[in-house]
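Data block for coords_38.cif (mmCIF, C-alpha atoms and all ligand atoms):
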data_structure
loop_
_atom_site.label_atom_id
_atom_site.label_comp_id
_atom_site.auth_asym_id
_atom_site.auth_seq_id
_atom_site.Cartn_x
_atom_site.Cartn_y
_atom_site.Cartn_z
CA MET A 1 -28.22 43.76 -13.62
CA ASN A 2 -27.48 40.10 -12.93
CA LYS A 3 -23.88 39.18 -12.17
CA VAL A 4 -21.91 38.44 -15.35
CA VAL A 5 -21.20 34.77 -16.06
CA PRO A 6 -17.96 34.94 -18.09
CA TYR A 7 -17.14 32.54 -20.94
CA SER A 8 -14.27 31.23 -18.82
CA ARG A 9 -12.26 32.19 -15.74
CA GLN A 10 -9.72 30.92 -13.22
CA TYR A 11 -10.50 28.95 -10.07
CA ILE A 12 -8.20 29.81 -7.16
CA ASP A 13 -8.45 28.13 -3.75
CA GLN A 14 -6.66 28.52 -0.41
CA ASP A 15 -3.98 25.94 -1.36
CA ASP A 16 -3.08 28.04 -4.39
CA ILE A 17 -2.78 31.15 -2.24
CA GLU A 18 -0.60 29.38 0.31
CA ALA A 19 1.65 27.96 -2.43
CA VAL A 20 2.29 31.49 -3.71
CA ILE A 21 2.89 32.85 -0.21
CA SER A 22 5.43 30.14 0.53
CA VAL A 23 7.50 31.24 -2.49
CA LEU A 24 7.24 34.88 -1.44
CA GLU A 25 8.69 33.86 1.92
CA SER A 26 11.48 31.78 0.34
CA ASP A 27 14.92 32.67 -1.06
CA TYR A 28 13.98 32.49 -4.74
CA LEU A 29 11.35 34.48 -6.58
CA THR A 30 12.74 33.37 -9.94
CA GLN A 31 15.18 30.71 -11.21
CA GLY A 32 14.54 28.69 -8.06
CA PRO A 33 13.27 25.19 -7.27
CA ALA A 34 9.56 25.77 -7.99
CA ILE A 35 10.27 25.81 -11.74
CA GLY A 36 11.75 22.31 -11.85
CA LYS A 37 8.94 20.99 -9.63
CA PHE A 38 6.28 22.41 -11.92
CA GLU A 39 8.05 21.08 -15.01
CA SER A 40 8.31 17.59 -13.58
CA ALA A 41 4.64 17.65 -12.51
CA ILE A 42 3.62 18.61 -16.06
CA ARG A 43 5.83 15.81 -17.46
CA GLU A 44 4.24 13.33 -15.14
CA TYR A 45 0.72 14.50 -16.00
CA THR A 46 1.18 14.48 -19.78
CA GLY A 47 3.69 11.65 -20.16
CA ALA A 48 6.18 13.74 -22.17
CA GLN A 49 9.88 13.26 -21.39
CA TYR A 50 10.88 16.94 -21.31
CA CYS A 51 9.10 20.11 -20.29
CA ALA A 52 10.26 23.74 -20.32
CA VAL A 53 7.97 26.38 -18.83
CA PHE A 54 7.86 29.91 -20.25
CA SER A 55 6.55 33.36 -19.39
CA SER A 56 3.55 32.85 -21.72
CA GLY A 57 2.11 30.49 -24.29
CA THR A 58 3.23 32.98 -26.93
CA ALA A 59 6.84 32.80 -25.69
CA ALA A 60 6.54 29.00 -25.70
CA LEU A 61 5.36 29.07 -29.33
CA HIS A 62 8.20 31.42 -30.32
CA ALA A 63 10.75 29.15 -28.63
CA SER A 64 9.35 26.00 -30.22
CA TYR A 65 9.53 27.51 -33.72
CA PHE A 66 13.11 28.57 -33.01
CA ALA A 67 13.96 25.08 -31.71
CA ALA A 68 12.45 23.60 -34.89
CA GLY A 69 14.94 25.69 -36.90
CA LEU A 70 12.31 27.97 -38.42
CA ASP A 71 14.05 30.85 -40.18
CA LYS A 72 13.60 33.74 -42.59
CA GLY A 73 11.77 32.66 -45.74
CA ASP A 74 10.46 29.39 -44.24
CA GLU A 75 6.74 28.66 -43.93
CA ILE A 76 4.47 27.05 -41.37
CA ILE A 77 0.98 25.73 -42.04
CA THR A 78 -1.64 26.41 -39.40
CA SER A 79 -5.31 27.06 -38.81
CA PRO A 80 -6.89 30.52 -39.18
CA ILE A 81 -9.26 29.68 -36.30
CA THR A 82 -6.79 30.40 -33.54
CA PHE A 83 -5.45 33.22 -31.43
CA VAL A 84 -3.09 35.46 -33.41
CA ALA A 85 -0.11 34.29 -31.33
CA THR A 86 0.04 30.94 -33.19
CA SER A 87 1.02 32.59 -36.47
CA ASN A 88 2.61 35.76 -35.04
CA ALA A 89 5.36 33.65 -33.47
CA ALA A 90 6.36 32.50 -36.97
CA LEU A 91 6.46 36.13 -38.15
CA TYR A 92 8.84 36.94 -35.25
CA LEU A 93 11.40 34.65 -36.94
CA GLY A 94 10.84 36.05 -40.44
CA ALA A 95 8.83 32.99 -41.49
CA ARG A 96 5.46 33.10 -43.24
CA PRO A 97 2.27 31.45 -41.97
CA ILE A 98 0.17 29.63 -44.55
CA PHE A 99 -3.44 29.24 -43.44
CA SER A 100 -5.23 26.02 -44.32
CA ASP A 101 -8.99 25.67 -44.04
CA VAL A 102 -10.86 24.02 -41.17
CA GLU A 103 -13.67 21.51 -40.69
CA SER A 104 -17.05 23.22 -40.38
CA ASP A 105 -17.99 21.50 -37.09
CA THR A 106 -14.78 21.10 -35.03
CA ALA A 107 -13.17 24.24 -36.54
CA ASN A 108 -9.92 22.25 -36.49
CA LEU A 109 -7.57 22.00 -39.47
CA ASN A 110 -9.08 19.88 -42.23
CA VAL A 111 -6.20 17.44 -42.57
CA GLY A 112 -7.66 16.12 -45.84
CA SER A 113 -7.20 19.46 -47.60
CA LEU A 114 -3.91 20.36 -45.91
CA GLU A 115 -1.63 18.44 -48.29
CA GLU A 116 -2.25 20.79 -51.21
CA LYS A 117 -0.78 23.67 -49.14
CA ILE A 118 2.57 21.94 -48.60
CA GLY A 119 5.16 23.67 -50.78
CA HIS A 120 8.94 23.40 -50.65
CA LYS A 121 9.32 26.25 -48.10
CA VAL A 122 7.04 24.64 -45.52
CA LYS A 123 8.97 23.36 -42.47
CA VAL A 124 6.37 23.02 -39.72
CA ILE A 125 2.70 22.04 -39.36
CA VAL A 126 0.96 23.59 -36.36
CA PRO A 127 -2.38 21.91 -35.58
CA VAL A 128 -4.44 23.93 -33.08
CA HIS A 129 -6.77 21.90 -30.86
CA PHE A 130 -9.58 24.42 -31.01
CA ALA A 131 -11.80 24.59 -27.90
CA GLY A 132 -9.98 21.58 -26.45
CA HIS A 133 -10.95 19.11 -29.18
CA PRO A 134 -7.86 17.40 -30.60
CA VAL A 135 -6.99 17.44 -34.29
CA ASP A 136 -6.59 13.98 -35.88
CA MET A 137 -2.92 13.69 -34.95
CA VAL A 138 -2.35 10.29 -36.57
CA ALA A 139 -3.31 11.83 -39.92
CA VAL A 140 -1.16 14.92 -39.30
CA ARG A 141 1.86 12.77 -38.37
CA ALA A 142 1.48 10.65 -41.51
CA LEU A 143 1.46 13.76 -43.67
CA ALA A 144 4.41 15.28 -41.81
CA ASP A 145 6.43 12.09 -42.23
CA LYS A 146 5.67 12.01 -45.95
CA TYR A 147 7.08 15.54 -46.41
CA LYS A 148 9.63 15.43 -43.53
CA LEU A 149 8.01 18.25 -41.58
CA THR A 150 8.10 19.11 -37.89
CA VAL A 151 4.78 18.95 -36.03
CA ILE A 152 4.10 21.42 -33.19
CA GLU A 153 0.73 21.08 -31.47
CA ASP A 154 -0.80 24.32 -30.24
CA ALA A 155 -2.56 22.73 -27.27
CA CYS A 156 -3.19 26.00 -25.45
CA HIS A 157 -6.88 24.97 -25.30
CA ALA A 158 -6.34 21.28 -24.73
CA LEU A 159 -4.67 20.42 -21.43
CA GLY A 160 -6.50 17.35 -20.15
CA ALA A 161 -7.79 16.28 -23.58
CA TYR A 162 -7.11 12.83 -25.05
CA THR A 163 -6.27 11.80 -28.56
CA LYS A 164 -6.13 8.45 -30.33
CA THR A 165 -2.59 7.58 -31.35
CA GLY A 166 -3.26 4.67 -33.71
CA SER A 167 -1.81 1.39 -32.50
CA ASN A 168 -1.00 2.81 -29.06
CA GLY A 169 -4.62 3.56 -28.21
CA TRP A 170 -5.35 6.76 -26.31
CA ALA A 171 -2.83 9.30 -25.06
CA LYS A 172 -3.07 12.60 -23.24
CA VAL A 173 -2.55 15.67 -25.36
CA GLY A 174 0.97 16.76 -24.45
CA SER A 175 2.49 13.28 -24.59
CA CYS A 176 3.89 14.23 -28.02
CA GLN A 177 3.34 10.71 -29.38
CA CYS A 178 2.42 12.12 -32.78
CA SER A 179 4.24 15.45 -32.64
CA ASP A 180 7.70 16.90 -32.02
CA MET A 181 6.54 19.51 -29.51
CA THR A 182 3.33 20.58 -27.78
CA ILE A 183 2.52 24.07 -26.48
CA LEU A 184 0.43 24.89 -23.41
CA SER A 185 -0.84 28.24 -22.08
CA PHE A 186 -1.65 29.03 -18.46
CA HIS A 187 -3.61 32.24 -19.05
CA PRO A 188 -6.47 32.56 -16.51
CA VAL A 189 -9.17 31.43 -18.97
CA LYS A 190 -7.30 28.15 -19.61
CA HIS A 191 -7.67 24.89 -17.65
CA ILE A 192 -5.01 25.82 -15.10
CA THR A 193 -3.38 29.21 -14.59
CA THR A 194 -0.14 30.85 -13.55
CA GLY A 195 -1.46 34.35 -14.32
CA GLU A 196 0.58 34.45 -17.52
CA GLY A 197 2.59 31.39 -18.50
CA GLY A 198 3.15 28.58 -20.93
CA ALA A 199 5.11 25.40 -21.57
CA VAL A 200 6.68 23.35 -24.34
CA LEU A 201 6.63 19.57 -24.08
CA THR A 202 8.83 17.28 -26.16
CA ASN A 203 10.42 13.83 -26.21
CA ASN A 204 13.49 15.13 -28.05
CA LYS A 205 16.53 16.13 -25.96
CA LEU A 206 18.09 18.26 -28.73
CA LEU A 207 14.92 20.32 -29.07
CA PHE A 208 14.70 20.62 -25.29
CA ASP A 209 18.26 21.99 -25.08
CA ARG A 210 17.46 24.62 -27.73
CA LEU A 211 14.29 25.60 -25.85
CA LEU A 212 16.29 26.19 -22.66
CA LEU A 213 18.85 28.32 -24.50
CA PHE A 214 16.17 30.44 -26.15
CA ARG A 215 14.31 30.93 -22.85
CA SER A 216 17.27 32.59 -21.19
CA HIS A 217 19.11 34.94 -23.59
CA GLY A 218 20.77 32.10 -25.54
CA ILE A 219 23.02 31.56 -22.52
CA THR A 220 24.26 28.25 -21.12
CA LYS A 221 26.15 27.73 -17.87
CA ASN A 222 26.65 24.03 -18.54
CA ARG A 223 30.38 23.57 -19.18
CA HIS A 224 29.82 20.36 -21.15
CA ASP A 225 27.99 22.45 -23.74
CA PHE A 226 30.58 25.25 -24.09
CA VAL A 227 31.67 25.84 -27.68
CA SER A 228 34.15 28.72 -27.39
CA THR A 229 37.78 27.96 -28.24
CA ASN A 230 39.21 31.43 -27.66
CA ASN A 231 37.97 32.48 -24.25
CA GLY A 232 41.04 31.38 -22.38
CA ASP A 233 40.93 29.81 -18.96
CA HIS A 234 37.80 30.89 -17.13
CA GLY A 235 36.64 30.08 -13.65
CA GLU A 236 33.34 28.89 -12.30
CA TRP A 237 31.63 32.15 -13.20
CA TYR A 238 31.92 31.47 -16.92
CA TYR A 239 28.80 31.34 -19.07
CA GLU A 240 28.33 31.40 -22.80
CA MET A 241 25.81 33.09 -25.05
CA GLN A 242 25.48 30.82 -28.06
CA CYS A 243 22.46 32.23 -29.88
CA LEU A 244 20.15 35.23 -29.69
CA GLY A 245 17.63 34.31 -27.00
CA TYR A 246 15.13 36.21 -24.87
CA ASN A 247 14.16 36.51 -21.25
CA TYR A 248 11.14 34.23 -21.49
CA ARG A 249 11.49 32.75 -18.01
CA MET A 250 8.57 32.00 -15.72
CA THR A 251 8.94 33.17 -12.10
CA ASP A 252 8.86 30.78 -9.14
CA ILE A 253 5.78 32.63 -7.90
CA GLN A 254 3.95 31.59 -11.06
CA ALA A 255 5.36 28.06 -11.04
CA ALA A 256 4.20 27.47 -7.46
CA LEU A 257 0.70 28.56 -8.43
CA GLY A 258 0.84 26.31 -11.50
CA ASN A 259 1.99 23.35 -9.45
CA SER A 260 -0.86 23.78 -7.02
CA GLN A 261 -3.35 24.25 -9.86
CA LEU A 262 -2.12 21.13 -11.64
CA THR A 263 -3.10 18.95 -8.67
CA LYS A 264 -6.72 19.94 -9.47
CA VAL A 265 -6.64 19.72 -13.27
CA GLU A 266 -8.56 16.45 -13.48
CA GLN A 267 -11.41 17.98 -11.48
CA PHE A 268 -11.29 21.15 -13.61
CA VAL A 269 -11.57 19.12 -16.82
CA ARG A 270 -14.28 16.88 -15.37
CA THR A 271 -16.42 19.91 -14.48
CA ARG A 272 -16.05 21.31 -17.98
CA ARG A 273 -17.05 17.96 -19.49
CA GLU A 274 -20.05 17.76 -17.16
CA ILE A 275 -21.22 21.24 -18.14
CA ALA A 276 -20.74 20.35 -21.82
CA ALA A 277 -22.77 17.16 -21.34
CA HIS A 278 -25.54 19.18 -19.71
CA TYR A 279 -25.53 21.75 -22.55
CA ASN A 280 -25.52 18.91 -25.11
CA SER A 281 -28.56 17.30 -23.54
CA VAL A 282 -30.65 20.49 -23.37
CA PHE A 283 -29.48 21.98 -26.69
CA MET A 284 -29.62 18.78 -28.75
CA ASP A 285 -31.64 19.14 -32.01
CA ASN A 286 -32.71 22.71 -31.23
CA PRO A 287 -33.87 24.78 -34.24
CA PHE A 288 -31.48 27.69 -33.64
CA PHE A 289 -27.88 26.48 -33.51
CA HIS A 290 -25.52 23.53 -33.84
CA ILE A 291 -23.66 22.25 -30.79
CA PRO A 292 -20.01 21.07 -30.63
CA VAL A 293 -19.19 17.57 -31.89
CA GLU A 294 -16.73 15.05 -30.53
CA ARG A 295 -14.93 12.78 -33.01
CA ASP A 296 -14.12 9.15 -32.28
CA TYR A 297 -10.39 10.02 -32.18
CA GLY A 298 -10.65 12.77 -29.55
CA LYS A 299 -11.92 13.50 -26.05
CA SER A 300 -12.28 17.24 -25.67
CA SER A 301 -11.27 19.07 -22.50
CA TYR A 302 -13.82 21.78 -23.42
CA HIS A 303 -11.79 24.93 -22.98
CA LEU A 304 -14.69 26.46 -24.95
CA TYR A 305 -18.26 25.51 -25.73
CA THR A 306 -18.92 27.16 -29.08
CA ILE A 307 -22.35 27.14 -30.64
CA ARG A 308 -22.80 27.73 -34.40
CA LEU A 309 -25.95 29.56 -35.52
CA LYS A 310 -28.11 27.86 -38.15
CA ASP A 311 -28.49 29.53 -41.57
CA HIS A 312 -31.61 31.58 -40.79
CA LEU A 313 -29.93 33.24 -37.77
CA VAL A 314 -26.48 34.00 -39.22
CA ASP A 315 -27.44 37.57 -40.11
CA LYS A 316 -28.70 38.10 -36.57
CA ARG A 317 -25.46 37.05 -34.84
CA THR A 318 -24.51 40.61 -33.83
CA ALA A 319 -27.93 41.23 -32.28
CA ILE A 320 -27.95 37.85 -30.52
CA PHE A 321 -24.46 38.47 -29.15
CA SER A 322 -25.42 41.95 -27.84
CA LYS A 323 -28.57 40.61 -26.22
CA MET A 324 -26.57 37.86 -24.50
CA ARG A 325 -24.05 40.38 -23.19
CA GLY A 326 -26.97 42.61 -22.13
CA GLU A 327 -28.39 39.74 -20.06
CA GLY A 328 -25.07 39.23 -18.25
CA LEU A 329 -23.66 36.34 -20.28
CA GLY A 330 -19.98 37.05 -20.89
CA VAL A 331 -20.06 35.37 -24.29
CA GLN A 332 -17.19 35.75 -26.75
CA VAL A 333 -16.54 35.20 -30.45
CA LEU A 334 -13.51 33.01 -30.95
CA TYR A 335 -11.94 33.48 -33.43
CA ILE A 336 -11.86 36.04 -36.20
CA PRO A 337 -9.83 34.18 -38.89
CA VAL A 338 -6.32 35.49 -38.23
CA TYR A 339 -5.59 36.53 -41.82
CA LEU A 340 -8.55 38.97 -41.76
CA GLN A 341 -6.73 41.13 -39.19
CA PRO A 342 -5.58 44.46 -40.69
CA TYR A 343 -1.93 43.69 -39.94
CA TYR A 344 -2.15 40.44 -41.91
CA GLU A 345 -3.81 42.31 -44.77
CA THR A 346 -0.72 44.53 -44.95
CA LEU A 347 1.27 41.31 -45.46
CA GLY A 348 -0.84 40.38 -48.48
CA TYR A 349 -3.37 37.95 -46.96
CA LYS A 350 -6.81 38.18 -48.55
CA ASN A 351 -10.47 37.55 -47.76
CA GLY A 352 -11.73 34.23 -49.04
CA CYS A 353 -8.52 32.31 -48.36
CA CYS A 354 -10.30 29.83 -46.04
CA PRO A 355 -14.06 29.96 -46.77
CA VAL A 356 -15.06 27.35 -44.19
CA ALA A 357 -13.22 29.26 -41.45
CA GLU A 358 -14.93 32.49 -42.52
CA ASP A 359 -18.31 30.77 -42.44
CA PHE A 360 -17.56 29.33 -38.98
CA TYR A 361 -16.63 32.83 -37.77
CA ARG A 362 -19.99 34.23 -38.95
CA ARG A 363 -21.88 31.65 -36.87
CA ALA A 364 -19.77 31.18 -33.74
CA ILE A 365 -20.56 32.27 -30.20
CA SER A 366 -18.65 30.80 -27.23
CA ILE A 367 -20.86 30.49 -24.16
CA PRO A 368 -19.80 30.14 -20.49
CA ILE A 369 -17.98 27.00 -19.37
CA TYR A 370 -15.49 26.77 -16.49
CA HIS A 371 -14.82 25.10 -13.16
CA GLY A 372 -16.56 27.17 -10.50
CA MET A 373 -19.67 27.71 -12.62
CA THR A 374 -22.67 26.58 -10.57
CA MET A 375 -25.62 24.53 -11.80
CA SER A 376 -27.75 27.63 -11.28
CA ASP A 377 -25.36 29.64 -13.55
CA CYS A 378 -25.75 26.83 -16.08
CA HIS A 379 -29.57 26.95 -15.97
CA ARG A 380 -29.46 30.71 -16.28
CA VAL A 381 -27.26 30.47 -19.39
CA VAL A 382 -29.60 27.92 -20.99
CA ASP A 383 -32.82 29.82 -20.16
CA THR A 384 -31.36 33.14 -21.33
CA ILE A 385 -30.14 31.66 -24.60
CA PHE A 386 -33.52 30.07 -25.39
CA LYS A 387 -35.33 33.29 -24.47
CA ILE A 388 -33.11 35.35 -26.81
CA MET A 389 -33.35 32.83 -29.63
CA ASP A 390 -37.15 32.90 -29.39
CA GLU A 391 -37.10 36.70 -29.50
CA VAL A 392 -34.93 36.97 -32.61
CA ASN A 393 -36.20 33.94 -34.52
C1 LIG B 1 -4.75 28.77 -29.36
C2 LIG B 1 -3.86 29.70 -28.60
N1 LIG B 1 -2.56 29.79 -28.95
C3 LIG B 1 -1.71 30.59 -28.30
C4 LIG B 1 -2.12 31.37 -27.24
C5 LIG B 1 -1.15 32.28 -26.56
O1 LIG B 1 -1.00 31.96 -25.20
P1 LIG B 1 -0.69 33.11 -24.13
O2 LIG B 1 -1.88 33.97 -23.98
O3 LIG B 1 -0.37 32.32 -22.88
O4 LIG B 1 0.51 33.84 -24.62
C6 LIG B 1 -3.44 31.30 -26.83
C7 LIG B 1 -3.92 32.08 -25.68
O5 LIG B 1 -4.81 32.86 -25.70
C8 LIG B 1 -4.34 30.45 -27.53
O6 LIG B 1 -5.64 30.40 -27.19
#

With the file now loaded, output its structure as structure tokens.
Amino acid sequence: MNKVVPYSRQYIDQDDIEAVISVLESDYLTQGPAIGKFESAIREYTGAQYCAVFSSGTAALHASYFAAGLDKGDEIITSPITFVATSNAALYLGARPIFSDVESDTANLNVGSLEEKIGHKVKVIVPVHFAGHPVDMVAVRALADKYKLTVIEDACHALGAYTKTGSNGWAKVGSCQCSDMTILSFHPVKHITTGEGGAVLTNNKLLFDRLLLFRSHGITKNRHDFVSTNNGDHGEWYYEMQCLGYNYRMTDIQAALGNSQLTKVEQFVRTRREIAAHYNSVFMDNPFFHIPVERDYGKSSYHLYTIRLKDHLVDKRTAIFSKMRGEGLGVQVLYIPVYLQPYYETLGYKNGCCPVAEDFYRRAISIPIYHGMTMSDCHRVVDTIFKIMDEVN
């Protein structure tokens, strides 16, 4: 069989390997200088004032919801077309996710229909930039301001994407110009990788301080922040646990890899946009499926390239998918609407809650796109897809 072309994968070069080795040969494997270097490189790249890296994107989401004050009985509003982590992290804190329906083409939250979901328990809106295409953040911010809600962007797909910010023109996703915090993931299928890893970006120092506490057991060693009045006279060893935190720290080994990867992110994003442009040109107006769109307020970083089958092929999606896999295309279906998962059903979520998301799910297939994919891989993907579509049509 032909080699498998995955839907996405990491790109590791000799510089990355040497960066990791240099940490292995250094004094610190964790809690050392590579963390701060990676955080400041991410700040510089995105334009956000503060950055805290985490052991995963999921940990970063959990910490951001904690920092936002999310608590038992509160609600967040998010998209059902996301990885389960986006809403699971709210459940960790005893809060309830409310799923709001998506646009049929971008599969991003439909901001126009979001307002009707805002009840008095809602504290946070979590737009997910599906596939790397930004949500209309100016519209989300306006709604959040009207109801005094926190906005946390799940940008796990969208490092390197751009969004219009109204009067300020364009900004990189992660600059937090229209949000309170932004989440990144560095899983190997994402734009850059640290193996596992994530980050929270913010321009708010109070949120940043809460993120740091949560990341490391709720402990601070900064004497200016000590709150205890009854611990007597302690020496330099003294530290304080001020809330229930976790060990969500990234290691220096991971941070060094991330730092090295980040120097190449522009190239990684450019390649993905070039592959998307090629796909768009050959797939345009084909009779079998719709191709991704790009709105005038967003420049996608194309974490995914997701095709949507036309009506007459929807019932054949399973067969098409199996044939693609059989021909060595590592295609994937992203995502099953989260509330259809059995665990969510046990929490009372029901079929039919977001009909556009369910319809998107029936049609979607994500095809290969990543830096390191050759032009010959690209041609093979296109030829194989057309061959299969002709067979099943
Ligand atoms: C949209 C989205 N949110 C959150 C996550 C969780 O990130 P991680 O896998 O780094 O924990 C992912 C990663 O798969 C994701 O795609």

Legend entry - Who sits within 8 Å of stretch 171-185 of chain A, only C-alpha atoms, same chain under 6 positions skipped, as a VMD selection string: chain A and resid 46 to 48 56 to 58 60 to 61 64 134 137 to 138 140 to 141 150 to 165 193 196 to 204

Legend entry - Spatial neighbours of stretch 74-90 of chain A, 6 Å, only C-alpha atoms, chain gap at least 5 places, as a PyMOL selection string: chain A and resi 58+62+95-100+109+121-127+335+337-338

Legend entry - Of the listed residues A:Ala19, A:Ala144, A:Val5, A:Ala67, that which approaches A:Asn259 most closely, counting only C-alpha atoms: A:Ala19

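Using all atoms listed in the file, the nearest neighbour of ligand LIG 1 (chain B) within the list A:Ser55, A:Thr306, A:Ser26, A:Gln31 is A:Ser55.
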
Inset, instruction - With a distance cut-off of 7 Å and all atoms listed in the file, select the neighbouring residues of A:Asn110, excluding the residue or stretch itself and same-chain residues fewer than 6 positions from it, and output the selection as a ChimeraX atom specification. - result: /A:101-103

Inset, instruction - Tell me, in Å to one decimal, how far atom CA of A:Phe186 is from atom CA of A:Val135. - result: 20.3 Å

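Reported to one decimal place, the separation of atom CA of A:Val23 from atom CA of A:Ile35 is 11.1 Å.
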
Legend entry - Exercise: residues within 12 Å of coordinate (-14.6, 25.5, -25.1), counting all atoms listed in the file, as a PyMOL selection string: chain A and resi 7-9+106-107+129-134+156-159+161+189-191+269+272-273+275-276+279+291-294+300-307+331-335+364-371

Can you put N, CA and C atoms back into stretch 371-389 of chain A and show it as a PDB file, in the frame of the given file?
ATOM      1  N   HIS A 371     -14.695  25.657 -14.500  1.00  0.00           N
ATOM      2  CA  HIS A 371     -14.820  25.100 -13.160  1.00  0.00           C
ATOM      3  C   HIS A 371     -15.159  26.257 -12.222  1.00  0.00           C
ATOM      4  N   GLY A 372     -16.147  26.081 -11.377  1.00  0.00           N
ATOM      5  CA  GLY A 372     -16.560  27.170 -10.500  1.00  0.00           C
ATOM      6  C   GLY A 372     -17.905  27.727 -10.947  1.00  0.00           C
ATOM      7  N   MET A 373     -18.342  27.316 -12.146  1.00  0.00           N
ATOM      8  CA  MET A 373     -19.670  27.710 -12.620  1.00  0.00           C
ATOM      9  C   MET A 373     -20.680  26.811 -11.899  1.00  0.00           C
ATOM     10  N   THR A 374     -21.703  27.404 -11.316  1.00  0.00           N
ATOM     11  CA  THR A 374     -22.670  26.580 -10.570  1.00  0.00           C
ATOM     12  C   THR A 374     -23.749  26.047 -11.506  1.00  0.00           C
ATOM     13  N   MET A 375     -24.501  25.072 -11.014  1.00  0.00           N
ATOM     14  CA  MET A 375     -25.620  24.530 -11.800  1.00  0.00           C
ATOM     15  C   MET A 375     -26.643  25.641 -12.049  1.00  0.00           C
ATOM     16  N   SER A 376     -26.772  26.553 -11.071  1.00  0.00           N
ATOM     17  CA  SER A 376     -27.750  27.630 -11.280  1.00  0.00           C
ATOM     18  C   SER A 376     -27.257  28.604 -12.359  1.00  0.00           C
ATOM     19  N   ASP A 377     -25.904  28.855 -12.423  1.00  0.00           N
ATOM     20  CA  ASP A 377     -25.360  29.640 -13.550  1.00  0.00           C
ATOM     21  C   ASP A 377     -25.707  28.948 -14.875  1.00  0.00           C
ATOM     22  N   CYS A 378     -25.527  27.631 -14.859  1.00  0.00           N
ATOM     23  CA  CYS A 378     -25.750  26.830 -16.080  1.00  0.00           C
ATOM     24  C   CYS A 378     -27.209  26.961 -16.560  1.00  0.00           C
ATOM     25  N   HIS A 379     -28.142  26.827 -15.608  1.00  0.00           N
ATOM     26  CA  HIS A 379     -29.570  26.950 -15.970  1.00  0.00           C
ATOM     27  C   HIS A 379     -29.847  28.354 -16.484  1.00  0.00           C
ATOM     28  N   ARG A 380     -29.227  29.325 -15.841  1.00  0.00           N
ATOM     29  CA  ARG A 380     -29.460  30.710 -16.280  1.00  0.00           C
ATOM     30  C   ARG A 380     -28.971  30.911 -17.723  1.00  0.00           C
ATOM     31  N   VAL A 381     -27.801  30.356 -18.030  1.00  0.00           N
ATOM     32  CA  VAL A 381     -27.260  30.470 -19.390  1.00  0.00           C
ATOM     33  C   VAL A 381     -28.243  29.849 -20.389  1.00  0.00           C
ATOM     34  N   VAL A 382     -28.707  28.635 -20.069  1.00  0.00           N
ATOM     35  CA  VAL A 382     -29.600  27.920 -20.990  1.00  0.00           C
ATOM     36  C   VAL A 382     -30.907  28.694 -21.185  1.00  0.00           C
ATOM     37  N   ASP A 383     -31.523  29.118 -20.077  1.00  0.00           N
ATOM     38  CA  ASP A 383     -32.820  29.820 -20.160  1.00  0.00           C
ATOM     39  C   ASP A 383     -32.664  31.127 -20.938  1.00  0.00           C
ATOM     40  N   THR A 384     -31.569  31.847 -20.656  1.00  0.00           N
ATOM     41  CA  THR A 384     -31.360  33.140 -21.330  1.00  0.00           C
ATOM     42  C   THR A 384     -31.165  32.923 -22.832  1.00  0.00           C
ATOM     43  N   ILE A 385     -30.390  31.912 -23.180  1.00  0.00           N
ATOM     44  CA  ILE A 385     -30.140  31.660 -24.600  1.00  0.00           C
ATOM     45  C   ILE A 385     -31.455  31.320 -25.319  1.00  0.00           C
ATOM     46  N   PHE A 386     -32.249  30.434 -24.736  1.00  0.00           N
ATOM     47  CA  PHE A 386     -33.520  30.070 -25.390  1.00  0.00           C
ATOM     48  C   PHE A 386     -34.450  31.286 -25.488  1.00  0.00           C
ATOM     49  N   LYS A 387     -34.462  32.098 -24.443  1.00  0.00           N
ATOM     50  CA  LYS A 387     -35.330  33.290 -24.470  1.00  0.00           C
ATOM     51  C   LYS A 387     -34.913  34.207 -25.623  1.00  0.00           C
ATOM     52  N   ILE A 388     -33.614  34.447 -25.753  1.00  0.00           N
ATOM     53  CA  ILE A 388     -33.110  35.350 -26.810  1.00  0.00           C
ATOM     54  C   ILE A 388     -33.370  34.760 -28.191  1.00  0.00           C
ATOM     55  N   MET A 389     -33.140  33.466 -28.326  1.00  0.00           N
ATOM     56  CA  MET A 389     -33.350  32.830 -29.630  1.00  0.00           C
ATOM     57  C   MET A 389     -34.821  32.952 -30.037  1.00  0.00           C
TER      58      MET A 389
END
